[in-house]
$ cat structure28.cif   # mmCIF, C-alpha atoms
data_structure
loop_
_atom_site.label_atom_id
_atom_site.label_comp_id
_atom_site.auth_asym_id
_atom_site.auth_seq_id
_atom_site.Cartn_x
_atom_site.Cartn_y
_atom_site.Cartn_z
CA MET A 523 4.01 5.78 -19.65
CA GLU A 524 2.66 2.44 -20.84
CA LYS A 525 5.89 1.03 -22.24
CA LYS A 526 7.59 -1.59 -20.09
CA ILE A 527 11.00 -0.35 -18.93
CA SER A 528 13.62 -2.97 -18.08
CA MET A 529 14.65 -3.38 -14.46
CA ALA A 530 18.26 -2.63 -15.44
CA VAL A 531 17.18 0.86 -16.54
CA ILE A 532 14.88 1.28 -13.54
CA ARG A 533 17.80 0.54 -11.23
CA ARG A 534 19.73 3.44 -12.76
CA LEU A 535 16.83 5.91 -12.48
CA PRO A 536 17.36 6.86 -8.81
CA ARG A 537 20.87 7.89 -9.76
CA TYR A 538 19.69 10.04 -12.66
CA TYR A 539 17.10 11.51 -10.33
CA ARG A 540 19.74 12.46 -7.75
CA TYR A 541 21.93 14.15 -10.33
CA LEU A 542 19.03 15.97 -11.94
CA ASN A 543 17.90 17.19 -8.53
CA ASP A 544 21.38 18.57 -7.91
CA LEU A 545 21.34 20.31 -11.29
CA LEU A 546 17.94 21.82 -10.52
CA LYS A 547 19.21 23.09 -7.16
CA ASN A 548 22.06 24.75 -9.02
CA SER A 549 19.59 26.33 -11.48
CA VAL A 550 20.90 24.38 -14.46
CA LYS A 551 18.15 24.44 -17.09
CA ARG A 552 19.48 22.06 -19.72
CA ILE A 553 22.24 19.54 -20.08
CA SER A 554 23.70 17.45 -22.91
CA SER A 555 24.19 13.72 -22.62
CA SER A 556 27.94 14.28 -22.74
CA GLU A 557 27.90 16.73 -19.83
CA LEU A 558 25.69 14.39 -17.84
CA SER A 559 28.03 11.54 -18.78
CA GLU A 560 31.01 13.49 -17.44
CA ARG A 561 29.28 14.17 -14.14
CA MET A 562 27.78 10.74 -13.59
CA GLY A 563 30.54 8.53 -14.94
CA ILE A 564 28.09 6.74 -17.25
CA THR A 565 28.82 6.70 -21.00
CA ALA A 566 26.86 9.24 -23.05
CA SER A 567 25.50 6.46 -25.26
CA GLN A 568 24.21 4.60 -22.19
CA ILE A 569 22.53 7.80 -21.03
CA ARG A 570 20.87 8.38 -24.42
CA GLN A 571 19.76 4.76 -24.53
CA ASP A 572 18.35 4.89 -21.00
CA LEU A 573 16.57 8.18 -21.43
CA ASN A 574 15.19 7.20 -24.83
CA CYS A 575 13.22 4.49 -23.03
CA PHE A 576 10.85 7.21 -21.88
CA GLY A 577 10.29 8.56 -25.35
CA GLY A 578 13.29 10.73 -26.18
CA PHE A 579 13.29 13.79 -23.99
CA GLY A 580 16.54 14.99 -25.52
CA GLN A 581 16.69 17.30 -28.52
CA GLN A 582 19.60 17.39 -30.93
CA GLY A 583 21.76 20.43 -30.22
CA TYR A 584 19.74 21.40 -27.17
CA GLY A 585 20.22 18.54 -24.78
CA TYR A 586 17.83 17.57 -22.03
CA ASN A 587 15.47 19.92 -20.28
CA VAL A 588 16.53 19.28 -16.69
CA GLU A 589 13.25 20.21 -15.02
CA PHE A 590 11.13 18.18 -17.43
CA LEU A 591 13.41 15.13 -17.30
CA ASN A 592 13.55 15.34 -13.51
CA SER A 593 9.79 15.52 -13.28
CA GLU A 594 9.28 12.60 -15.71
CA ILE A 595 11.74 10.34 -13.89
CA GLY A 596 10.15 11.36 -10.61
CA LYS A 597 6.75 10.30 -11.99
CA ILE A 598 8.10 6.94 -13.16
CA LEU A 599 9.71 6.29 -9.78
CA GLY A 600 6.53 7.46 -8.05
CA VAL A 601 8.38 9.89 -5.81
CA ASP A 602 5.16 11.68 -4.92
CA ARG A 603 3.78 8.57 -3.24
CA ARG A 604 4.06 8.03 0.50
CA PHE A 605 4.78 4.66 2.06
CA ASN A 606 4.13 3.60 5.64
CA THR A 607 7.28 1.89 6.77
CA ILE A 608 8.41 -0.14 9.77
CA ILE A 609 11.85 -1.32 10.84
CA VAL A 610 12.24 -4.77 12.35
CA GLY A 611 15.53 -5.02 14.23
CA ALA A 612 16.71 -2.02 16.25
CA GLY A 613 20.45 -2.80 16.27
CA ASN A 614 23.08 -0.53 14.78
CA MET A 615 21.80 -0.84 11.24
CA GLY A 616 18.19 -0.35 12.30
CA ASN A 617 19.26 2.72 14.26
CA ALA A 618 21.24 4.11 11.35
CA LEU A 619 18.26 3.69 9.03
CA ALA A 620 15.74 5.09 11.53
CA ASN A 621 17.89 8.20 11.82
CA TYR A 622 18.24 8.66 8.09
CA ALA A 623 16.30 11.86 7.59
CA ASN A 624 16.25 11.53 3.81
CA PHE A 625 13.78 8.66 3.96
CA LYS A 626 10.97 10.89 5.17
CA LYS A 627 11.82 13.49 2.57
CA ARG A 628 11.59 10.78 -0.09
CA GLY A 629 8.17 9.59 0.98
CA TYR A 630 8.92 6.85 3.47
CA ASP A 631 7.18 7.51 6.79
CA LEU A 632 8.60 5.45 9.63
CA ILE A 633 5.65 4.51 11.83
CA GLY A 634 7.03 1.67 13.95
CA ILE A 635 10.21 -0.08 15.12
CA PHE A 636 10.28 -3.61 16.52
CA ASP A 637 12.87 -5.68 18.37
CA ILE A 638 13.06 -8.53 20.89
CA SER A 639 15.83 -7.20 23.12
CA PRO A 640 14.54 -6.03 26.56
CA GLU A 641 17.27 -3.37 26.49
CA ARG A 642 15.86 -1.82 23.35
CA VAL A 643 12.10 -2.28 23.73
CA GLY A 644 10.45 0.81 25.17
CA LYS A 645 13.19 3.19 24.04
CA GLU A 646 12.79 5.61 21.17
CA ILE A 647 14.75 6.22 18.00
CA ASN A 648 14.16 9.51 16.29
CA GLY A 649 10.91 9.92 18.23
CA ILE A 650 9.57 6.47 17.31
CA ARG A 651 9.05 4.00 20.13
CA ILE A 652 10.54 0.50 19.88
CA PHE A 653 7.89 -2.16 20.44
CA HIS A 654 8.39 -5.80 21.27
CA MET A 655 7.97 -8.22 18.36
CA ASP A 656 4.99 -9.68 20.21
CA MET A 657 3.15 -6.47 19.32
CA LEU A 658 3.83 -6.79 15.60
CA ASP A 659 0.66 -8.70 14.72
CA ALA A 660 -1.61 -6.26 16.49
CA PHE A 661 0.27 -3.31 14.99
CA LEU A 662 -0.04 -4.64 11.45
CA GLU A 663 -3.73 -5.34 11.94
CA LYS A 664 -4.32 -1.78 13.05
CA ASN A 665 -1.96 0.06 10.67
CA ARG A 666 -1.51 -0.17 6.97
CA VAL A 667 2.19 -0.90 6.47
CA ASP A 668 3.60 -0.85 2.93
CA ILE A 669 7.26 -1.58 3.58
CA ALA A 670 9.10 -3.54 6.25
CA ILE A 671 12.81 -2.84 6.56
CA LEU A 672 14.33 -6.00 7.99
CA THR A 673 17.63 -5.70 9.85
CA VAL A 674 17.35 -8.96 11.78
CA PRO A 675 19.97 -11.76 11.87
CA SER A 676 20.04 -14.15 8.89
CA GLY A 677 18.69 -17.00 11.00
CA ASN A 678 15.43 -15.15 11.67
CA ILE A 679 14.94 -13.46 8.34
CA SER A 680 12.62 -15.98 6.65
CA GLU A 681 10.36 -16.25 9.66
CA VAL A 682 10.07 -12.48 10.05
CA ALA A 683 9.48 -12.02 6.32
CA GLU A 684 6.69 -14.62 6.38
CA LYS A 685 5.10 -12.98 9.38
CA VAL A 686 4.98 -9.48 7.91
CA THR A 687 3.85 -10.56 4.45
CA ALA A 688 1.11 -12.79 5.91
CA LEU A 689 -0.21 -9.64 7.56
CA GLY A 690 -0.29 -7.64 4.34
CA VAL A 691 3.11 -6.00 3.95
CA LYS A 692 3.90 -5.92 0.22
CA GLY A 693 7.43 -4.55 0.20
CA ILE A 694 10.52 -5.80 2.02
CA TRP A 695 13.90 -4.14 2.21
CA ASN A 696 16.14 -6.95 3.36
CA PHE A 697 19.46 -6.13 5.05
CA SER A 698 20.27 -9.69 6.11
CA PRO A 699 23.04 -11.31 4.06
CA GLN A 700 20.62 -13.99 2.90
CA ASP A 701 18.52 -13.30 -0.21
CA LEU A 702 14.83 -13.66 0.48
CA LYS A 703 12.42 -15.55 -1.75
CA VAL A 704 8.85 -14.38 -1.46
CA SER A 705 5.60 -14.93 -3.30
CA SER A 706 4.98 -13.03 -6.51
CA ASP A 707 2.62 -10.51 -4.91
CA VAL A 708 5.40 -9.22 -2.66
CA VAL A 709 8.50 -7.31 -3.74
CA VAL A 710 11.88 -7.58 -2.07
CA GLU A 711 15.03 -5.57 -2.46
CA ASN A 712 17.96 -7.45 -0.97
CA VAL A 713 20.78 -5.20 0.18
CA HIS A 714 24.25 -6.69 -0.03
CA LEU A 715 26.63 -4.09 1.27
CA SER A 716 29.60 -6.39 0.91
CA ASP A 717 29.03 -6.64 -2.86
CA GLY A 718 30.06 -3.00 -3.12
CA LEU A 719 33.10 -3.68 -1.00
CA ALA A 720 34.05 -6.58 -3.29
CA VAL A 721 33.84 -4.26 -6.30
CA LEU A 722 36.03 -1.75 -4.47
CA GLY A 723 38.55 -4.53 -3.79
CA TYR A 724 38.53 -5.51 -7.47
CA ARG A 725 39.11 -1.92 -8.58
CA LEU A 726 41.95 -1.52 -6.07
CA LYS A 727 43.57 -4.66 -7.44
CA GLU A 728 43.23 -3.34 -11.02
CA LEU A 729 44.79 -0.06 -9.91
CA GLY A 730 47.90 -2.15 -9.18
CA MET B 1246 42.68 -13.10 -17.49
CA GLU B 1247 43.97 -10.33 -19.77
CA LYS B 1248 40.68 -9.42 -21.37
CA LYS B 1249 39.05 -6.25 -20.08
CA ILE B 1250 35.72 -7.03 -18.44
CA SER B 1251 33.13 -4.25 -18.36
CA MET B 1252 32.27 -2.70 -15.00
CA ALA B 1253 28.63 -3.69 -15.53
CA VAL B 1254 29.69 -7.35 -15.51
CA ILE B 1255 32.13 -6.82 -12.64
CA ARG B 1256 29.32 -5.35 -10.56
CA ARG B 1257 27.33 -8.57 -10.98
CA LEU B 1258 30.27 -10.84 -10.05
CA PRO B 1259 29.93 -10.57 -6.26
CA ARG B 1260 26.39 -11.82 -6.64
CA TYR B 1261 27.43 -14.79 -8.77
CA TYR B 1262 30.14 -15.45 -6.22
CA ARG B 1263 27.65 -15.51 -3.34
CA TYR B 1264 25.33 -17.91 -5.13
CA LEU B 1265 28.16 -20.19 -6.22
CA ASN B 1266 29.47 -20.27 -2.65
CA ASP B 1267 26.04 -21.35 -1.47
CA LEU B 1268 25.92 -24.08 -4.10
CA LEU B 1269 29.37 -25.30 -3.05
CA LYS B 1270 28.29 -25.40 0.58
CA ASN B 1271 25.35 -27.53 -0.50
CA SER B 1272 27.70 -29.83 -2.43
CA VAL B 1273 26.23 -28.93 -5.81
CA LYS B 1274 28.86 -29.86 -8.41
CA ARG B 1275 27.40 -28.44 -11.58
CA ILE B 1276 24.60 -26.13 -12.63
CA SER B 1277 22.99 -25.04 -15.88
CA SER B 1278 22.50 -21.41 -16.79
CA SER B 1279 18.73 -21.94 -16.55
CA GLU B 1280 18.93 -23.35 -13.00
CA LEU B 1281 21.21 -20.51 -11.97
CA SER B 1282 18.82 -18.09 -13.65
CA GLU B 1283 15.92 -19.49 -11.64
CA ARG B 1284 17.81 -19.09 -8.36
CA MET B 1285 19.31 -15.69 -9.02
CA GLY B 1286 16.48 -13.98 -10.86
CA ILE B 1287 18.79 -13.05 -13.75
CA THR B 1288 17.88 -14.21 -17.27
CA ALA B 1289 19.76 -17.29 -18.50
CA SER B 1290 20.97 -15.37 -21.54
CA GLN B 1291 22.41 -12.65 -19.31
CA ILE B 1292 24.17 -15.31 -17.26
CA ARG B 1293 25.65 -16.95 -20.36
CA GLN B 1294 26.75 -13.56 -21.68
CA ASP B 1295 28.32 -12.58 -18.37
CA LEU B 1296 30.11 -15.85 -17.81
CA ASN B 1297 31.31 -16.02 -21.41
CA CYS B 1298 33.35 -12.89 -20.68
CA PHE B 1299 35.79 -15.11 -18.83
CA GLY B 1300 36.21 -17.51 -21.71
CA GLY B 1301 33.22 -19.82 -21.65
CA PHE B 1302 33.31 -22.00 -18.58
CA GLY B 1303 30.01 -23.60 -19.48
CA GLN B 1304 29.73 -26.74 -21.56
CA GLN B 1305 26.71 -27.57 -23.70
CA GLY B 1306 24.59 -30.20 -21.97
CA TYR B 1307 26.75 -30.18 -18.86
CA GLY B 1308 26.38 -26.70 -17.48
CA TYR B 1309 28.88 -24.94 -15.31
CA ASN B 1310 31.34 -26.62 -13.01
CA VAL B 1311 30.45 -24.85 -9.77
CA GLU B 1312 33.81 -25.22 -8.04
CA PHE B 1313 35.79 -24.09 -11.08
CA LEU B 1314 33.51 -21.14 -11.82
CA ASN B 1315 33.55 -20.12 -8.16
CA SER B 1316 37.31 -20.24 -8.07
CA GLU B 1317 37.69 -18.28 -11.33
CA ILE B 1318 35.32 -15.54 -10.22
CA GLY B 1319 37.09 -15.46 -6.87
CA LYS B 1320 40.39 -14.92 -8.68
CA ILE B 1321 38.96 -12.11 -10.79
CA LEU B 1322 37.53 -10.41 -7.72
CA GLY B 1323 40.78 -10.98 -5.86
CA VAL B 1324 39.05 -12.55 -2.86
CA ASP B 1325 42.34 -13.99 -1.59
CA ARG B 1326 43.78 -10.51 -1.07
CA ARG B 1327 43.65 -8.79 2.29
CA PHE B 1328 42.98 -5.10 2.74
CA ASN B 1329 43.80 -2.96 5.75
CA THR B 1330 40.70 -0.94 6.43
CA ILE B 1331 39.71 1.95 8.66
CA ILE B 1332 36.32 3.45 9.45
CA VAL B 1333 35.96 7.21 9.78
CA GLY B 1334 32.76 8.06 11.63
CA ALA B 1335 31.71 5.90 14.57
CA GLY B 1336 27.99 6.67 14.50
CA ASN B 1337 25.30 4.05 13.97
CA MET B 1338 26.39 3.21 10.45
CA GLY B 1339 30.06 3.04 11.44
CA ASN B 1340 29.09 0.77 14.34
CA ALA B 1341 27.00 -1.45 12.13
CA LEU B 1342 29.86 -1.83 9.65
CA ALA B 1343 32.51 -2.36 12.35
CA ASN B 1344 30.39 -5.20 13.73
CA TYR B 1345 29.85 -6.84 10.37
CA ALA B 1346 31.82 -10.06 10.84
CA ASN B 1347 31.68 -10.95 7.14
CA PHE B 1348 34.11 -8.19 6.25
CA LYS B 1349 37.01 -9.94 7.98
CA LYS B 1350 36.07 -13.22 6.38
CA ARG B 1351 36.15 -11.52 2.99
CA GLY B 1352 39.63 -10.09 3.45
CA TYR B 1353 38.94 -6.69 4.97
CA ASP B 1354 40.85 -6.26 8.23
CA LEU B 1355 39.56 -3.38 10.31
CA ILE B 1356 42.59 -1.80 11.97
CA GLY B 1357 41.31 1.57 13.11
CA ILE B 1358 38.18 3.63 13.81
CA PHE B 1359 38.13 7.42 14.01
CA ASP B 1360 35.63 10.00 15.21
CA ILE B 1361 35.55 13.50 16.68
CA SER B 1362 32.88 13.00 19.36
CA PRO B 1363 34.34 12.99 22.91
CA GLU B 1364 31.63 10.48 23.84
CA ARG B 1365 32.91 7.98 21.30
CA VAL B 1366 36.67 8.51 21.33
CA GLY B 1367 38.43 6.01 23.63
CA LYS B 1368 35.64 3.44 23.46
CA GLU B 1369 35.92 0.21 21.51
CA ILE B 1370 33.81 -1.37 18.79
CA ASN B 1371 34.35 -5.04 18.19
CA GLY B 1372 37.69 -4.84 20.00
CA ILE B 1373 38.93 -1.87 17.97
CA ARG B 1374 39.57 1.38 19.81
CA ILE B 1375 38.06 4.61 18.52
CA PHE B 1376 40.73 7.29 18.06
CA HIS B 1377 40.23 11.02 17.69
CA MET B 1378 40.50 12.34 14.14
CA ASP B 1379 43.56 14.30 15.29
CA MET B 1380 45.38 10.95 15.39
CA LEU B 1381 44.51 10.07 11.80
CA ASP B 1382 47.63 11.59 10.19
CA ALA B 1383 50.01 9.82 12.54
CA PHE B 1384 48.07 6.56 12.17
CA LEU B 1385 48.18 6.68 8.37
CA GLU B 1386 51.90 7.46 8.44
CA LYS B 1387 52.59 4.44 10.61
CA ASN B 1388 50.12 1.96 9.07
CA ARG B 1389 49.47 0.98 5.51
CA VAL B 1390 45.74 1.55 4.97
CA ASP B 1391 44.17 0.38 1.72
CA ILE B 1392 40.54 1.32 2.28
CA ALA B 1393 38.81 4.04 4.27
CA ILE B 1394 35.13 3.52 4.97
CA LEU B 1395 33.65 6.98 5.36
CA THR B 1396 30.44 7.34 7.38
CA VAL B 1397 30.79 11.03 8.14
CA PRO B 1398 28.18 13.73 7.44
CA SER B 1399 27.93 15.05 3.86
CA GLY B 1400 29.37 18.40 4.90
CA ASN B 1401 32.68 16.83 5.97
CA ILE B 1402 33.02 14.16 3.33
CA SER B 1403 35.25 15.99 0.80
CA GLU B 1404 37.64 17.19 3.47
CA VAL B 1405 37.98 13.73 5.03
CA ALA B 1406 38.40 12.10 1.62
CA GLU B 1407 41.17 14.55 0.70
CA LYS B 1408 42.91 13.95 3.99
CA VAL B 1409 42.99 10.16 3.73
CA THR B 1410 43.94 10.07 0.06
CA ALA B 1411 46.73 12.63 0.59
CA LEU B 1412 48.16 10.16 3.09
CA GLY B 1413 48.10 7.22 0.68
CA VAL B 1414 44.67 5.59 1.01
CA LYS B 1415 43.72 4.32 -2.45
CA GLY B 1416 40.19 3.04 -1.86
CA ILE B 1417 37.17 4.83 -0.40
CA TRP B 1418 33.82 3.36 0.47
CA ASN B 1419 31.62 6.42 0.78
CA PHE B 1420 28.38 6.22 2.79
CA SER B 1421 27.59 9.91 2.68
CA PRO B 1422 24.72 10.83 0.36
CA GLN B 1423 27.06 12.97 -1.73
CA ASP B 1424 29.03 11.29 -4.53
CA LEU B 1425 32.74 11.82 -4.17
CA LYS B 1426 35.01 12.87 -6.99
CA VAL B 1427 38.62 11.84 -6.52
CA SER B 1428 41.79 11.75 -8.61
CA SER B 1429 42.23 8.89 -11.06
CA ASP B 1430 44.69 7.01 -8.85
CA VAL B 1431 42.03 6.54 -6.17
CA VAL B 1432 38.90 4.40 -6.43
CA VAL B 1433 35.61 5.23 -4.78
CA GLU B 1434 32.45 3.22 -4.35
CA ASN B 1435 29.58 5.50 -3.41
CA VAL B 1436 26.83 3.76 -1.45
CA HIS B 1437 23.35 5.13 -1.97
CA LEU B 1438 21.06 3.11 0.21
CA SER B 1439 18.06 5.19 -0.72
CA ASP B 1440 18.45 4.22 -4.39
CA GLY B 1441 17.44 0.69 -3.42
CA LEU B 1442 14.49 2.04 -1.49
CA ALA B 1443 13.42 4.06 -4.54
CA VAL B 1444 13.49 0.89 -6.65
CA LEU B 1445 11.41 -0.87 -4.00
CA GLY B 1446 8.92 2.01 -4.13
CA TYR B 1447 8.74 1.75 -7.93
CA ARG B 1448 8.15 -2.00 -7.81
CA LEU B 1449 5.43 -1.56 -5.16
CA LYS B 1450 3.73 0.99 -7.38
CA GLU B 1451 3.92 -1.41 -10.37
CA LEU B 1452 2.42 -4.16 -8.19
CA GLY B 1453 -0.64 -1.90 -8.02
#
$ encode --input "structure28.cif" --output "structure tokens"
Amino acid sequence: MEKKISMAVIRRLPRYYRYLNDLLKNSVKRISSSELSERMGITASQIRQDLNCFGGFGQQGYGYNVEFLNSEIGKILGVDRRFNTIIVGAGNMGNALANYANFKKRGYDLIGIFDISPERVGKEINGIRIFHMDMLDAFLEKNRVDIAILTVPSGNISEVAEKVTALGVKGIWNFSPQDLKVSSDVVVENVHLSDGLAVLGYRLKELG
Amino acid sequence: MEKKISMAVIRRLPRYYRYLNDLLKNSVKRISSSELSERMGITASQIRQDLNCFGGFGQQGYGYNVEFLNSEIGKILGVDRRFNTIIVGAGNMGNALANYANFKKRGYDLIGIFDISPERVGKEINGIRIFHMDMLDAFLEKNRVDIAILTVPSGNISEVAEKVTALGVKGIWNFSPQDLKVSSDVVVENVHLSDGLAVLGYRLKELG
């Protein structure tokens, strides 16, 4: 897969992957773009366009081979890879994420949780002990960490991001409301939950 | 604003709105598509295309009037509206969302929280009491609720969604991993946190 796929398409792949996984579980062997469109609420032409990016897995009159398409998208997304992951910030969101069993299933191994609150440090979430932030440097020197999930307040986010990336973390999943800017050898996904809520509000308004 | 704007554009509007708000706070009066592109990490041509949907607010050689554009996007998104909101499921995610102060600022008034756990019922989150699910019917009959935020396990999600929509809730923000299908007079935004993580994994892999 040498061809460069646009980020807009990449961002839709996890969704295709979820639906294809469901189809596989239900022993569906093939599916047309129009059936997939119906299920996913994406237009059939968008689906054909997206899936053509990988070299046209669909066949006229046959549709897509679910298992093959699922496996190809899985390869592109790199779902067979494992990532060592830490969470910085053990508040409600950090707790919710630490307890999200799906992450492990999807290749994200939680190996450390960090916080500054004396009430949290020393406790465990999902079998993982919460360390004080003072231990972060030593931890990152000893352990290879691929991804840091940051659920710290906006005011601290830049400082924490600089700290973890200086110590070799290459991926940041940022839950603070403030978008993070990082150097080009680090990747960040900024989560903005309230964007989804704003879209919901818009759609409610349109509903009348 | 009679023209129909595609959902793909609508989904980018909250992001424009956030950036424009930041610019306003920093007293920036006007901005070119290329400057905005630089800040937001969206191509300038995409920005021009998106913003042209609303009738071309940009002027050649001047750029966009930040205040005007911000106000227009705000109107489209309906940011001046207020929505009565409840949370069903007072676990970690429900707690995190109930404590998210931005929601109130953005027009979402949390008026009730519901759960089935005896350990949670009767307690308060952010000043809002947690009621038992048995009270939900009576609550929805007495109070107009626009949006239900559902943070219940996948196994219960369809049942809870049917219950709240039968009693008049028109908007659902679904945090369970399972996409919800609802009737056409109800709108749902399904949140799939792990999709973002999958994209992060992909980008890490591409980084090499």
$ interface_residues --input "structure28.cif" --of "chain B" --to "chain A" --cutoff "6 Å" --atoms "all atoms listed in the file" --output "list in words"
Pro1259, Leu1322, Asn1337, Met1338, Ala1341, Asp1440 and Tyr1447 of chain B
$ atom_distance --input "structure28.cif" --atom1 "CA of Ile564 in chain A" --atom2 "CA of Glu1404 in chain B"
25.1 Å
$ closest_residue --input "structure28.cif" --among "A:Ile679, A:Phe697, A:Val691, A:Glu557" --to "Asn665 in chain A" --atoms "all atoms listed in the file"
A:Val691
$ resolve_selection --input "structure28.cif" --expression "the PyMOL selection byres ((chain B and resi 1359) around 8)" --output "JSON, numbers by chain"
{"B": [1331, 1332, 1333, 1334, 1335, 1357, 1358, 1360, 1361, 1366, 1375, 1376, 1377, 1378, 1381]}
$ atom_distance --input "structure28.cif" --atom1 "CA of Phe590 in chain A" --atom2 "CA of Ser549 in chain A"
13.2 Å
$ closest_residue --input "structure28.cif" --among "A:Ile569, A:Val550, A:Ile633, A:Ile527" --to "Lys664 in chain A" --atoms "only C-alpha atoms"
A:Ile633
$ residues_near_point --input "structure28.cif" --point "(17.0, 16.6, -21.0)" --cutoff "10 Å" --atoms "all atoms listed in the file" --output "MDAnalysis selection string"
chainID A and resid 542 551:555 558 570 573 578:581 584:592
$ closest_residue --input "structure28.cif" --among "A:Val531, A:Val686, A:Val667, A:Ile650" --to "Asn574 in chain A" --atoms "all atoms listed in the file"
A:Val531
$ atom_distance --input "structure28.cif" --atom1 "CA of Asn696 in chain A" --atom2 "CA of Gln1294 in chain B"
28.0 Å
$ closest_residue --input "structure28.cif" --among "A:Lys526, A:Leu546, A:Tyr538, A:Leu632" --to "Gly649 in chain A" --atoms "only C-alpha atoms"
A:Leu632
$ decode --input "structure28.cif" --residues "range 708-721 of chain A" --atoms "N, CA and C atoms" --output "compact mmCIF listing (two decimals), in the first residue's frame"
# COMPACT_ATOMS: atom_id res chain seq x y z
N VAL A 708 6.14 14.35 16.22
CA VAL A 708 5.19 13.87 17.21
C VAL A 708 3.79 14.00 16.61
N VAL A 709 2.91 13.05 16.87
CA VAL A 709 1.54 13.19 16.38
C VAL A 709 0.57 13.38 17.54
N VAL A 710 -0.39 14.24 17.31
CA VAL A 710 -1.39 14.55 18.33
C VAL A 710 -2.78 14.35 17.75
N GLU A 711 -3.65 13.72 18.49
CA GLU A 711 -5.07 13.76 18.18
C GLU A 711 -5.74 14.53 19.31
N ASN A 712 -6.33 15.67 18.95
CA ASN A 712 -7.04 16.48 19.93
C ASN A 712 -8.50 16.04 19.97
N VAL A 713 -8.99 15.72 21.16
CA VAL A 713 -10.38 15.30 21.30
C VAL A 713 -11.20 16.51 21.73
N HIS A 714 -12.24 16.81 20.99
CA HIS A 714 -13.12 17.91 21.39
C HIS A 714 -14.53 17.38 21.50
N LEU A 715 -14.83 16.84 22.67
CA LEU A 715 -16.15 16.24 22.86
C LEU A 715 -17.26 17.23 22.56
N SER A 716 -17.04 18.49 22.93
CA SER A 716 -18.15 19.43 22.78
C SER A 716 -18.44 19.75 21.32
N ASP A 717 -17.52 19.45 20.41
CA ASP A 717 -17.82 19.62 18.97
C ASP A 717 -18.99 18.72 18.56
N GLY A 718 -18.98 17.50 19.07
CA GLY A 718 -20.06 16.57 18.76
C GLY A 718 -21.39 17.06 19.32
N LEU A 719 -21.30 17.63 20.51
CA LEU A 719 -22.51 18.18 21.14
C LEU A 719 -23.04 19.36 20.33
N ALA A 720 -22.14 20.17 19.79
CA ALA A 720 -22.56 21.32 18.97
C ALA A 720 -23.27 20.83 17.71
N VAL A 721 -22.76 19.75 17.12
CA VAL A 721 -23.40 19.19 15.93
C VAL A 721 -24.79 18.64 16.28
